[in-house]
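Reading through the structure tokens given below for one structure.
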Amino acid sequence: MVFQATASAPVNIAVIKYWGKRDTKLILPTNSSLSVTLNQDHLRSTTTSRADSSFNRTATCIAEMKRLRQIEVETKNPDAAKLSEWPVHIASYNNFPTAAGLASSASGFAALVSSLAALYELPASASSLSLIARQGSGSACRSLFGGFVAWEMGSSPAGEDSLAIEVAPREHWPEMHALICVVSDDKKGTSSTSGMQRTVETSTLLQHRIKSVVPQRMADISAAIKSKDFDAFAKITMADSNSFHAVALDTEPPIFYMNDVSRAIIALVVEYNRVAVEKTGKRKAAYTYDAGPNAVIYVLKENVQEIIEMILKYFPQKDAFKDVFGVFAGEPVGKVVEGFNEAVTKPFPVGAVKGLIHTSVGDGPRKLNDAQEGLLGENGLPKTLA
């Protein structure tokens, strides 16, 4: 009998950023954070796990998952296979660039934990599993849920209260969409792990952020999500992105994650919102940047077309835009809304933005069909991925 399970997990992009650990071993954060889970049809990690008594080595650190299998399943059912005693083989795959600031470690570890939970048939809640995913990659705990997710920093030194909770499911606000501008798919020069520890050790601005700024923003953006107030959501999201990158600059030596293209996209969104506020009194787009140059622009479905056209005007694409939601009747043409000051930034050459990904708020981890989507072959080794 083959004991194998395959699961996928989504990317999440924080709107209130996590940056800094108070415990580097348990990965306990210096502040709470909140994110939007993105649609797995466009961005996801897939992981297959198999337990077999014939395997002679363990692929990764899964001691906690084995312990749960033993406690929750094997001790309660004497007939259950002793999978906790068997080594495992694991294969994982991302359908987007790894280590380029698109939260690949978050979806990767969430997929790993979800795959092992399915393999071991664990009766564990998403919040319980988030405690384990957090120890692989902090942000991974938020990818155990769909929709809008908070990672509560907790206060216990042991970390049992530092976990993810659902703020609202994706069905609450399905009109929330995102356009990801892939400025670079290269590996970051400064990893998140090393960068945030340098910030904790050297930045005075970080202390102000975690004590005086983030707690109120967590409350305010949670309220904005629950009331579906996009104007407030946008204001807080952009302010927190700016705050995070200011803290990175306040690090010694300073950390630069954004580049000229990143800053040009900010200028475009700011001008787009200026026009929107003049006409409607409310913002219609929100930029945010994680630890990398790639922009994520949150926008409601009704305004997606204007955002895509604006980006295409200033950042022409080599390849045709993949219109997965059928926004356009034909090939989209770059243009801006009436009243837009076109001089806010210069047009960039083809390739300045390497690609555009249109996605939306999405669901949490999925258990997949092993026969169709499993990554391990009959011999327990990874299949060749095209």
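Ligands are numbered from 1 in the order shown, residues from 1 within each chain, and chains are lettered A, B, ... in the order they appear in the structure tokens.
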
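Once Val149 in chain A and its same-chain neighbours fewer than 5 positions away are set aside, A:Leu34, A:Ser35, A:Arg142, A:Ile165, A:Glu166, A:Val167 remain within 6 Å of it when counting only C-alpha atoms.
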
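The environment of Asn95 in chain A within 7 Å, counting only C-alpha atoms and disregarding residues fewer than 5 places along the same chain, consists of Leu43, Arg44 and Ser45 of chain A.
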
What does the file look like for those residues with all heavy atoms, as a PDB file, in the first residue's frame?
```
ATOM      1  N   LEU A  43      -0.972  31.390  -8.515  1.00  0.00           N
ATOM      2  CA  LEU A  43       0.261  31.341  -7.725  1.00  0.00           C
ATOM      3  C   LEU A  43       0.102  30.308  -6.622  1.00  0.00           C
ATOM      4  O   LEU A  43      -0.758  30.454  -5.748  1.00  0.00           O
ATOM      5  CB  LEU A  43       0.543  32.715  -7.087  1.00  0.00           C
ATOM      6  CG  LEU A  43       0.842  33.884  -8.021  1.00  0.00           C
ATOM      7  CD1 LEU A  43       0.508  35.187  -7.329  1.00  0.00           C
ATOM      8  CD2 LEU A  43       2.294  33.864  -8.433  1.00  0.00           C
ATOM      9  N   ARG A  44       0.926  29.276  -6.653  1.00  0.00           N
ATOM     10  CA  ARG A  44       0.836  28.277  -5.597  1.00  0.00           C
ATOM     11  C   ARG A  44       2.100  27.433  -5.536  1.00  0.00           C
ATOM     12  O   ARG A  44       2.887  27.359  -6.480  1.00  0.00           O
ATOM     13  CB  ARG A  44      -0.366  27.360  -5.813  1.00  0.00           C
ATOM     14  CG  ARG A  44      -0.226  26.342  -6.943  1.00  0.00           C
ATOM     15  CD  ARG A  44      -1.456  25.439  -7.009  1.00  0.00           C
ATOM     16  NE  ARG A  44      -1.301  24.358  -7.963  1.00  0.00           N
ATOM     17  CZ  ARG A  44      -2.213  23.417  -8.178  1.00  0.00           C
ATOM     18  NH1 ARG A  44      -3.333  23.419  -7.477  1.00  0.00           N
ATOM     19  NH2 ARG A  44      -2.009  22.465  -9.071  1.00  0.00           N
ATOM     20  N   SER A  45       2.277  26.775  -4.381  1.00  0.00           N
ATOM     21  CA  SER A  45       3.290  25.733  -4.210  1.00  0.00           C
ATOM     22  C   SER A  45       2.575  24.407  -4.064  1.00  0.00           C
ATOM     23  O   SER A  45       1.543  24.320  -3.388  1.00  0.00           O
ATOM     24  CB  SER A  45       4.139  26.000  -2.963  1.00  0.00           C
ATOM     25  OG  SER A  45       4.879  27.188  -3.078  1.00  0.00           O
TER      26      SER A  45
END
```

Leaving out range 110-114 of chain A and any residue of its chain fewer than 3 positions from it, which residues lie within 7 Å of it when counting only C-alpha atoms, given as a list in words?
Ala7, Ser8, Ala9, Ser45, Thr46, Thr47, Ala106, Ser107, Ala117, Ala118, Ala133, Ala140, Cys141, Ser143, Leu144 and Pro365 of chain A

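Across the structure, CA of Thr190 in chain A and CA of Gln207 in chain A are spaced 21.2 Å apart.
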
Determine, counting only C-alpha atoms, which protein, DNA and RNA residues have an atom within 6 Å of an atom of range 353-361 of chain A; residues of the same chain fewer than 2 positions away are not included. Present the result as number ranges by chain.
A: 37-39, 147, 170, 176-183, 351

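Between CA of Gly108 in chain A and CA of Ser137 in chain A lies a distance of 8.8 Å.
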
Ala80 in chain A environment, 12 Å, only C-alpha atoms, sequence neighbours closer than 3 positions dropped, as a ChimeraX atom specification:
/A:3,69-77,83-85,120-121

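Considering only C-alpha atoms, the residue among A:Asp370, A:Asp260, A:Asp363, A:Asp52 positioned nearest to Ala168 in chain A is A:Asp363.
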
Could you write out, as a PyMOL selection string, all the residues of range 123-301 of chain A that DSSP marks as alpha helix (DSSP H)?
chain A and resi 126-134+192-202+204-208+214-226+230-249+260-280

Find the spatial neighbours of Val261 in chain A, counting only C-alpha atoms, within a cut-off of 10 Å - ignore same-chain residues fewer than 6 positions away - and output them as a list in words.
Cys181, Val183, Ser184, Ala267, Pro293, Asn294, Ala295, Phe315, Thr345, Phe348, Ala352 and Val353 of chain A

Skipping near chain neighbours, those fewer than 3 positions away, what residues fall within 9 Å of Leu268 in chain A using only C-alpha atoms, listed as a short mmCIF file (atom, residue, chain, number, x, y, z; two decimals) with N, CA, C and O atoms, in the first residue's frame?
```cif
data_model
loop_
_atom_site.label_atom_id
_atom_site.label_comp_id
_atom_site.auth_asym_id
_atom_site.auth_seq_id
_atom_site.Cartn_x
_atom_site.Cartn_y
_atom_site.Cartn_z
N ARG A 263 9.68 52.31 -7.64
CA ARG A 263 9.28 53.66 -7.24
C ARG A 263 8.41 54.33 -8.31
O ARG A 263 7.51 55.11 -7.98
N ALA A 264 8.66 54.01 -9.57
CA ALA A 264 7.82 54.56 -10.64
C ALA A 264 6.39 54.03 -10.54
O ALA A 264 5.42 54.77 -10.77
N ILE A 265 6.24 52.77 -10.18
CA ILE A 265 4.90 52.19 -10.02
C ILE A 265 4.18 52.87 -8.86
O ILE A 265 2.97 53.15 -8.95
N GLU A 271 -0.74 58.89 -8.37
CA GLU A 271 -1.43 59.80 -9.30
C GLU A 271 -2.81 59.27 -9.67
O GLU A 271 -3.79 60.03 -9.76
N TYR A 272 -2.92 57.98 -9.87
CA TYR A 272 -4.22 57.35 -10.16
C TYR A 272 -5.20 57.61 -9.02
O TYR A 272 -6.37 57.96 -9.24
N ASN A 273 -4.71 57.49 -7.79
CA ASN A 273 -5.57 57.74 -6.64
C ASN A 273 -5.91 59.22 -6.49
O ASN A 273 -7.01 59.57 -6.04
N MET A 310 -3.02 51.29 -17.35
CA MET A 310 -2.04 52.26 -16.88
C MET A 310 -0.64 51.66 -16.83
O MET A 310 0.33 52.26 -17.29
N ILE A 311 -0.53 50.46 -16.28
CA ILE A 311 0.78 49.81 -16.20
C ILE A 311 1.32 49.51 -17.59
O ILE A 311 2.51 49.70 -17.87
N TYR A 314 3.04 52.53 -19.35
CA TYR A 314 4.39 52.89 -18.90
C TYR A 314 5.37 51.73 -18.92
O TYR A 314 6.58 51.94 -18.94
N GLU A 342 0.43 62.66 -16.94
CA GLU A 342 1.29 61.65 -17.54
C GLU A 342 2.77 61.88 -17.27
O GLU A 342 3.60 61.01 -17.54
N VAL A 344 4.20 62.13 -14.36
CA VAL A 344 4.62 61.71 -13.02
C VAL A 344 5.81 60.76 -13.08
O VAL A 344 6.60 60.68 -12.12
N THR A 345 5.94 60.04 -14.17
CA THR A 345 7.13 59.22 -14.37
C THR A 345 7.30 59.01 -15.87
O THR A 345 6.38 59.24 -16.66
#
```

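Separating CA of Glu302 in chain A from CA of Gly334 in chain A is a distance of 17.4 Å.
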
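In this comparison, which uses only C-alpha atoms, the residue of A:Leu102, A:Met218, A:Ile225, A:Val88 approaching Thr288 in chain A most closely is A:Leu102.
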
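Comparing the minimum interatomic distances between Gln216 in chain A and each of A:Val36, A:Ala371, A:Asn94, A:Asp240, counting only C-alpha atoms, we find that A:Asp240 sits nearest.
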
Counting only C-alpha atoms, which residues of range 142-238 of chain A fall within 9 Å of range 245-248 of chain A, and what is the closest atom pair for each with its distance in Å at one decimal, ordered by chain and rising number, as JSON lines?
```
{"residue": "A:Gly195", "atom": "CA", "partner": "A:Ala248", "partner_atom": "CA", "distance": 7.8}
{"residue": "A:Met196", "atom": "CA", "partner": "A:Ala248", "partner_atom": "CA", "distance": 8.0}
{"residue": "A:Thr199", "atom": "CA", "partner": "A:Ala248", "partner_atom": "CA", "distance": 6.6}
{"residue": "A:Ser203", "atom": "CA", "partner": "A:Val247", "partner_atom": "CA", "distance": 6.8}
{"residue": "A:Thr204", "atom": "CA", "partner": "A:Val247", "partner_atom": "CA", "distance": 8.5}
{"residue": "A:Leu205", "atom": "CA", "partner": "A:Val247", "partner_atom": "CA", "distance": 6.0}
{"residue": "A:Leu206", "atom": "CA", "partner": "A:Val247", "partner_atom": "CA", "distance": 5.8}
{"residue": "A:Arg209", "atom": "CA", "partner": "A:Val247", "partner_atom": "CA", "distance": 8.3}
```

Atoms to include: C-alpha atoms. Write the selected residues as an mmCIF file, in the first residue's frame.
```cif
data_model
loop_
_atom_site.group_PDB
_atom_site.id
_atom_site.type_symbol
_atom_site.label_atom_id
_atom_site.label_comp_id
_atom_site.auth_asym_id
_atom_site.auth_seq_id
_atom_site.Cartn_x
_atom_site.Cartn_y
_atom_site.Cartn_z
ATOM 1 C CA GLY A 195 17.672 41.363 6.631
ATOM 2 C CA MET A 196 15.124 41.381 9.414
ATOM 3 C CA THR A 199 16.953 45.494 11.391
ATOM 4 C CA SER A 203 17.066 50.077 13.676
ATOM 5 C CA THR A 204 15.644 52.557 16.184
ATOM 6 C CA LEU A 205 12.685 53.176 13.879
ATOM 7 C CA LEU A 206 11.627 49.522 14.195
ATOM 8 C CA ARG A 209 6.854 50.785 14.441
#
```
